[in-house]
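Shown next: run02.cif, containing mmCIF, C-alpha atoms.
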data_model
#
loop_
_atom_site.label_atom_id
_atom_site.label_comp_id
_atom_site.auth_asym_id
_atom_site.auth_seq_id
_atom_site.Cartn_x
_atom_site.Cartn_y
_atom_site.Cartn_z
CA MET J 1 160.02 145.32 74.91
CA ARG J 2 160.70 148.63 73.18
CA PHE J 3 158.43 150.59 70.85
CA TYR J 4 159.84 153.08 68.34
CA ALA J 5 158.16 156.05 66.63
CA THR J 6 159.26 158.86 64.35
CA GLU J 7 158.22 162.44 64.97
CA SER J 8 155.77 162.22 62.07
CA ARG J 9 154.12 159.13 63.56
CA ILE J 10 153.65 160.91 66.90
CA TRP J 11 152.06 163.82 65.08
CA GLN J 12 149.77 161.48 63.12
CA SER J 13 148.68 159.77 66.33
CA THR J 14 147.94 163.11 67.98
CA LEU J 15 145.94 164.22 64.94
CA LEU J 16 144.04 160.92 64.84
CA CYS J 17 143.01 161.17 68.49
CA GLY J 18 141.73 164.69 67.99
CA SER J 19 139.90 163.72 64.81
CA ILE J 20 138.26 160.69 66.37
CA LEU J 21 137.08 162.75 69.35
CA ALA J 22 135.49 165.25 67.00
CA LEU J 23 134.02 162.43 64.91
CA VAL J 24 132.43 160.78 67.92
CA THR J 25 130.83 164.10 68.83
CA LEU J 26 129.38 164.49 65.34
CA VAL J 27 128.29 160.88 65.11
CA GLY J 28 126.61 161.13 68.48
CA CYS J 29 124.37 163.86 67.10
CA THR J 30 123.27 161.73 64.14
CA SER J 31 123.08 158.36 65.83
CA LYS J 32 120.12 159.45 67.97
CA ALA J 33 118.17 160.30 64.85
CA LYS J 34 119.09 156.94 63.34
CA GLU J 35 117.94 155.16 66.48
CA VAL J 36 114.56 156.85 66.32
CA SER J 37 114.07 156.15 62.62
CA ARG J 38 115.10 152.50 62.94
CA LYS J 39 113.40 151.81 66.26
CA THR J 40 111.08 148.82 66.17
CA GLY J 41 109.40 149.34 69.51
CA SER J 42 111.34 146.57 71.27
CA ASP J 43 114.10 147.09 73.82
CA PRO J 44 117.46 147.99 72.21
CA ILE J 45 119.96 145.17 71.77
CA PRO J 46 123.20 145.62 73.79
CA ALA J 47 125.98 147.00 71.62
CA ASN J 48 128.23 143.94 72.02
CA VAL J 49 125.58 141.37 71.05
CA PRO J 50 125.35 140.56 67.31
CA SER J 51 121.94 140.46 65.63
CA ASP J 52 120.60 140.26 62.07
CA ASN J 53 121.50 143.93 61.44
CA HIS J 54 124.28 144.60 63.93
CA PHE J 55 127.70 143.51 65.14
CA ASP J 56 130.38 145.31 67.11
CA GLY J 57 132.80 146.55 64.44
CA GLY J 58 135.16 147.88 67.10
CA THR J 59 135.94 144.55 68.78
CA TYR J 60 138.47 142.27 67.06
CA CYS J 61 139.44 138.73 68.02
CA ALA J 62 143.15 139.58 67.89
CA GLN J 63 142.70 141.74 70.96
CA THR J 64 140.12 139.43 72.56
CA PHE J 65 142.38 136.38 72.27
CA ILE J 66 145.60 138.14 73.30
CA GLN J 67 144.02 139.70 76.37
CA GLY J 68 142.12 136.54 77.28
CA PRO J 69 143.39 133.29 78.82
CA ALA J 70 146.28 131.47 77.14
CA PRO J 71 144.91 129.60 74.08
CA SER J 72 144.93 125.82 73.99
CA GLN J 73 146.94 125.98 70.76
CA PRO J 74 149.07 128.71 69.13
CA LEU J 75 147.30 131.35 67.03
CA HIS J 76 148.43 133.56 64.16
CA PHE J 77 146.94 137.00 63.48
CA SER J 78 147.27 138.70 60.10
CA ASN J 79 145.98 142.26 59.57
CA LYS J 80 146.66 144.48 56.57
CA VAL J 81 145.79 148.00 55.41
CA THR J 82 146.49 148.77 51.75
CA GLU J 83 146.26 152.37 50.54
CA SER J 84 145.72 153.43 46.92
CA ASP J 85 147.52 156.71 47.64
CA PRO J 86 151.24 155.84 47.76
CA SER J 87 151.96 158.76 50.09
CA SER J 88 149.77 157.12 52.74
CA LYS J 89 151.16 154.24 54.77
CA SER J 90 150.17 150.72 53.83
CA LYS J 91 150.53 148.50 56.91
CA GLU J 92 150.96 144.85 57.75
CA PHE J 93 150.70 143.28 61.20
CA GLU J 94 151.71 139.65 61.62
CA ALA J 95 151.53 138.27 65.17
CA ASP J 96 151.91 134.89 66.84
CA LEU J 97 150.39 134.02 70.20
CA ALA J 98 151.56 130.93 72.07
CA GLY J 99 150.91 130.42 75.76
CA ASP J 100 152.18 133.44 77.66
CA SER J 101 154.22 135.03 74.87
CA VAL J 102 153.33 137.02 71.77
CA ASP J 103 155.49 138.21 68.88
CA LEU J 104 154.52 140.98 66.48
CA VAL J 105 156.12 142.07 63.21
CA HIS J 106 154.76 145.42 61.97
CA HIS J 107 155.69 146.57 58.46
CA ASP J 108 154.92 150.00 56.93
CA LYS J 109 155.46 151.13 53.34
CA TRP J 110 154.90 154.57 51.83
CA LEU J 111 156.22 156.98 49.20
CA ALA J 112 159.52 158.32 50.55
CA THR J 113 160.10 162.02 51.12
CA ASP J 114 163.44 163.82 51.37
CA GLU J 115 162.91 163.97 55.14
CA ASP J 116 162.43 160.20 55.24
CA ARG J 117 165.65 159.61 53.32
CA LYS J 118 167.60 161.88 55.66
CA PHE J 119 166.09 160.37 58.81
CA PHE J 120 166.64 156.79 57.66
CA ALA J 121 170.31 157.51 56.91
CA GLU J 122 170.84 159.05 60.35
CA SER J 123 168.85 156.41 62.24
CA GLN J 124 171.09 153.59 61.00
CA LYS J 125 173.66 154.80 63.54
CA PHE J 126 171.51 153.91 66.53
CA ASP J 127 168.81 151.44 65.37
CA ASP J 128 168.99 147.87 66.64
CA PRO J 129 168.48 145.74 63.49
CA LYS J 130 167.00 142.97 65.64
CA VAL J 131 164.15 145.31 66.56
CA ILE J 132 163.78 147.88 63.80
CA VAL J 133 164.86 147.93 60.16
CA ARG J 134 164.43 150.98 57.93
CA ALA J 135 165.26 151.10 54.23
CA ILE J 136 164.61 153.16 51.10
CA ASN J 137 163.74 150.83 48.22
CA GLY J 138 163.39 152.81 45.01
CA ASP J 139 160.75 155.46 45.60
CA PHE J 140 159.42 153.89 48.78
CA ALA J 141 160.31 154.02 52.44
CA GLU J 142 159.86 150.79 54.39
CA GLU J 143 160.01 150.21 58.12
CA THR J 144 159.78 146.90 59.96
CA VAL J 145 159.48 146.75 63.74
CA THR J 146 159.67 143.47 65.68
CA ASN J 147 158.29 143.31 69.21
CA HIS J 148 158.09 140.50 71.77
CA ALA J 149 156.04 140.52 74.96
CA THR J 150 155.26 138.16 77.80
CA ARG J 151 152.03 138.08 79.76
CA SER J 152 153.84 139.10 82.95
CA ASP J 153 154.69 142.47 81.35
CA ALA J 154 151.14 143.85 81.32
CA VAL J 155 151.98 147.15 79.62
CA SER J 156 153.86 145.61 76.69
CA TRP J 157 151.32 142.79 76.38
CA ARG J 158 148.43 145.22 76.16
CA GLY J 159 150.44 147.46 73.82
CA ILE J 160 150.79 144.73 71.19
CA ALA J 161 147.06 143.96 71.21
CA THR J 162 146.17 147.65 71.00
CA SER J 163 148.62 148.41 68.20
CA ILE J 164 147.19 145.62 66.01
CA VAL J 165 143.60 146.79 66.44
CA GLN J 166 144.18 150.54 66.21
CA GLY J 167 146.70 150.34 63.37
CA GLY J 168 145.57 147.35 61.34
CA THR J 169 141.76 147.12 61.44
CA PRO J 170 138.84 149.23 60.16
CA TRP J 171 137.48 149.87 63.69
CA HIS J 172 137.02 153.61 63.05
CA ILE J 173 134.82 152.96 60.01
CA PHE J 174 132.22 151.39 62.29
CA LEU J 175 131.91 154.40 64.59
CA ASP J 176 129.00 155.63 62.48
CA LYS J 177 127.40 152.16 62.47
CA PRO J 178 127.23 151.50 58.70
CA PRO J 179 124.40 149.22 57.50
CA VAL J 180 125.20 145.53 57.98
CA LYS J 181 123.19 142.39 57.31
CA GLN J 182 123.74 138.84 58.50
CA ILE J 183 123.93 136.58 55.44
CA GLY J 184 124.55 133.22 57.07
CA THR J 185 126.93 131.20 59.18
CA GLU J 186 130.34 129.85 58.21
CA THR J 187 133.23 127.90 59.69
CA VAL J 188 136.39 129.98 59.24
CA ASN J 189 139.75 128.40 60.07
CA GLY J 190 138.04 126.07 62.53
CA PHE J 191 135.98 128.81 64.21
CA GLU J 192 132.17 129.03 64.09
CA THR J 193 131.14 132.48 62.84
CA LEU J 194 128.24 134.67 61.78
CA LYS J 195 128.82 136.14 58.31
CA TYR J 196 127.85 139.76 57.62
CA ALA J 197 127.69 141.97 54.53
CA VAL J 198 128.60 145.64 54.99
CA ASP J 199 127.29 148.14 52.43
CA THR J 200 126.73 151.91 52.64
CA THR J 201 126.04 152.40 48.92
CA GLN J 202 122.27 152.47 49.46
CA GLU J 203 122.31 154.86 52.42
CA ASP J 204 120.35 158.10 52.20
CA ALA J 205 122.28 161.34 51.84
CA SER J 206 121.12 162.36 55.32
CA ASP J 207 122.76 159.27 56.82
CA LYS J 208 126.11 160.33 55.39
CA ALA J 209 125.80 164.06 56.00
CA ALA J 210 127.79 164.24 59.25
CA LEU J 211 130.83 162.30 58.04
CA LYS J 212 130.83 164.03 54.65
CA ALA J 213 130.85 167.41 56.37
CA PHE J 214 133.51 166.36 58.87
CA GLY J 215 135.79 164.88 56.20
CA HIS J 216 135.09 167.57 53.58
CA LEU J 217 133.99 164.84 51.18
CA GLN J 218 131.73 164.64 48.16
CA ASP J 219 130.92 161.06 49.08
CA TYR J 220 132.24 157.89 50.71
CA ASN J 221 131.28 154.21 50.75
CA THR J 222 132.14 151.15 52.77
CA THR J 223 131.56 147.65 51.38
CA GLY J 224 132.73 144.20 52.29
CA THR J 225 132.28 141.15 54.48
CA ALA J 226 132.96 140.41 58.15
CA TRP J 227 132.90 137.13 60.05
CA VAL J 228 132.01 137.45 63.74
CA LEU J 229 132.96 134.73 66.23
CA LYS J 230 129.79 133.25 67.72
CA ASP J 231 131.16 132.58 71.19
CA SER J 232 133.05 135.82 71.81
CA ASN J 233 131.20 138.31 69.56
CA CYS J 234 134.48 139.63 68.13
CA VAL J 235 135.40 140.13 64.47
CA LEU J 236 137.48 137.10 63.49
CA GLN J 237 137.95 137.80 59.78
CA TYR J 238 137.11 140.68 57.44
CA GLN J 239 137.50 142.00 53.91
CA ILE J 240 136.47 145.67 53.87
CA ASP J 241 136.89 148.35 51.21
CA TYR J 242 136.53 152.05 51.95
CA VAL J 243 136.35 154.59 49.11
CA GLU J 244 136.10 158.35 49.52
CA THR J 245 135.82 161.21 47.06
CA ALA J 246 137.28 164.52 48.19
CA GLN J 247 135.74 167.88 47.35
CA ASN J 248 138.35 168.32 44.62
CA GLY J 249 137.29 165.02 43.03
CA LYS J 250 140.29 162.97 44.19
CA VAL J 251 139.33 159.35 44.88
CA SER J 252 141.16 157.42 47.61
CA LYS J 253 140.71 153.74 48.35
CA THR J 254 141.68 151.73 51.41
CA HIS J 255 141.47 147.95 51.61
CA TYR J 256 141.36 146.21 54.99
CA GLU J 257 141.79 142.50 55.49
CA GLY J 258 142.44 140.37 58.54
CA THR J 259 142.05 136.86 59.88
CA VAL J 260 142.95 134.52 62.73
CA THR J 261 144.32 131.03 62.11
CA LYS J 262 145.20 128.12 64.36
CA LYS J 263 148.79 126.89 64.08
#
As structure tokens - that is how I would like this structure written.
Amino acid sequence: MRFYATESRIWQSTLLCGSILALVTLVGCTSKAKEVSRKTGSDPIPANVPSDNHFDGGTYCAQTFIQGPAPSQPLHFSNKVTESDPSSKSKEFEADLAGDSVDLVHHDKWLATDEDRKFFAESQKFDDPKVIVRAINGDFAEETVTNHATRSDAVSWRGIATSIVQGGTPWHIFLDKPPVKQIGTETVNGFETLKYAVDTTQEDASDKAALKAFGHLQDYNTTGTAWVLKDSNCVLQYQIDYVETAQNGKVSKTHYEGTVTKK
């Protein structure tokens, strides 16, 4: 299986890794204070075990299922990121897992630049249309990459699972452990889940201080719903909205949605 990336995507990945490392450092400084203020006197609950006010927002069933044993029936994974800013990439990941094979179609769409138009025109000379398709449609650049992997190819197999989670889920939003609350149980697509509400709108200013300083933001909020698989403690389905206000007053919105269905 082959993976393709433009120079800009490599740069974005490098920037993301550096940003996340810095974010974890900042969050680590504030999380200790949160632990003290929220401590109830009982032993802390392990990070991967869901409770009334906690679930692991960094573990998604797409990765859990792909890296686990072959499922008894085929599964479909759908993960989307929709940006309000057209210059940012909106992403779609559609994957099918059956036995020891997995297929992934990854589609990106963003406002085209002159560099994009030039690169797309040149890349048509060497792109394999069975694997990667690039096109300029009106004002937008669109790129679709199709990948196939078998379980025997461990690197490619792991790469598909990782690309879905890192590119198509809100895992990074949960680094700072936003307030969550279990609001019931629900059967989702044949899976038994715990249902959670996510809402930072009532957080104190001190709880947001680190991320606001790091992101140079006036404010930010995360709201939505997540369904956590009871048996595996992974996020099976989610509808999450993230809104941030920059120092200059610009408002940006990102919508995340994802689910797992049995075929």
Could you tell me how far atom CA of J:Tyr196 lies from atom CA of J:Pro178, in Å and to one decimal?
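So the two atoms, atom CA of J:Tyr196 and atom CA of J:Pro178, lie 11.8 Å apart.
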Under the rule that all atoms listed in the file are counted, which of J:Leu211, J:Ala246, J:Val235, J:Val251 is the nearest residue to J:Thr169?
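Closest residue, counting all atoms listed in the file: J:Val235.
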Give one line per residue of stretch 136-201 of chain J that approaches stretch 55-77 of chain J to at most 10 Å, naming the two atoms of the closest pair and their distance in Å to one decimal, counting all atoms listed in the file; sort by chain then ascending residue number and deliver it as JSON lines.
{"residue": "J:Arg151", "atom": "CA", "partner": "J:Gln67", "partner_atom": "CA", "distance": 8.8}
{"residue": "J:Ala154", "atom": "CA", "partner": "J:Gln67", "partner_atom": "CA", "distance": 9.6}
{"residue": "J:Trp157", "atom": "CA", "partner": "J:Gln67", "partner_atom": "CA", "distance": 7.9}
{"residue": "J:Arg158", "atom": "CA", "partner": "J:Gln67", "partner_atom": "CA", "distance": 7.1}
{"residue": "J:Ile160", "atom": "CA", "partner": "J:Gln63", "partner_atom": "CA", "distance": 8.6}
{"residue": "J:Ala161", "atom": "CA", "partner": "J:Gln63", "partner_atom": "CA", "distance": 4.9}
{"residue": "J:Thr162", "atom": "CA", "partner": "J:Gln63", "partner_atom": "CA", "distance": 6.9}
{"residue": "J:Ser163", "atom": "CA", "partner": "J:Gln63", "partner_atom": "CA", "distance": 9.3}
{"residue": "J:Ile164", "atom": "CA", "partner": "J:Ala62", "partner_atom": "CA", "distance": 7.5}
{"residue": "J:Val165", "atom": "CA", "partner": "J:Gln63", "partner_atom": "CA", "distance": 6.8}
{"residue": "J:Gln166", "atom": "CA", "partner": "J:Gly58", "partner_atom": "CA", "distance": 9.4}
{"residue": "J:Thr169", "atom": "CA", "partner": "J:Tyr60", "partner_atom": "CA", "distance": 8.1}
{"residue": "J:Pro170", "atom": "CA", "partner": "J:Gly57", "partner_atom": "CA", "distance": 7.9}
{"residue": "J:Trp171", "atom": "CA", "partner": "J:Gly58", "partner_atom": "CA", "distance": 4.6}
{"residue": "J:His172", "atom": "CA", "partner": "J:Gly58", "partner_atom": "CA", "distance": 7.3}
{"residue": "J:Ile173", "atom": "CA", "partner": "J:Gly57", "partner_atom": "CA", "distance": 8.0}
{"residue": "J:Phe174", "atom": "CA", "partner": "J:Gly57", "partner_atom": "CA", "distance": 5.3}
{"residue": "J:Leu175", "atom": "CA", "partner": "J:Gly58", "partner_atom": "CA", "distance": 7.7}
{"residue": "J:Lys177", "atom": "CA", "partner": "J:Gly57", "partner_atom": "CA", "distance": 8.0}
{"residue": "J:Pro178", "atom": "CA", "partner": "J:Gly57", "partner_atom": "CA", "distance": 9.4}
{"residue": "J:Val180", "atom": "CA", "partner": "J:Phe55", "partner_atom": "CA", "distance": 7.8}
{"residue": "J:Lys181", "atom": "CA", "partner": "J:Phe55", "partner_atom": "CA", "distance": 9.1}
{"residue": "J:Gln182", "atom": "CA", "partner": "J:Phe55", "partner_atom": "CA", "distance": 9.0}
{"residue": "J:Leu194", "atom": "CA", "partner": "J:Phe55", "partner_atom": "CA", "distance": 9.5}
{"residue": "J:Tyr196", "atom": "CA", "partner": "J:Phe55", "partner_atom": "CA", "distance": 8.4}
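Considering all atoms listed in the file, the residue among J:Ser152, J:Lys253, J:Gln239, J:Ala205 positioned nearest to J:Asn79 is J:Gln239.
Restricting the calculation to only C-alpha atoms, the smallest distance between J:Asn233 and any of J:Glu203, J:Glu192, J:Asp103, J:Glu143 is found for J:Glu192.
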Show me, as a ChimeraX atom specification, the residues that have an atom within 7 Å of stretch 81-92 of chain J when counting all atoms listed in the file, minus same-chain residues fewer than 6 positions from it.
/J:106-111,168,252-257
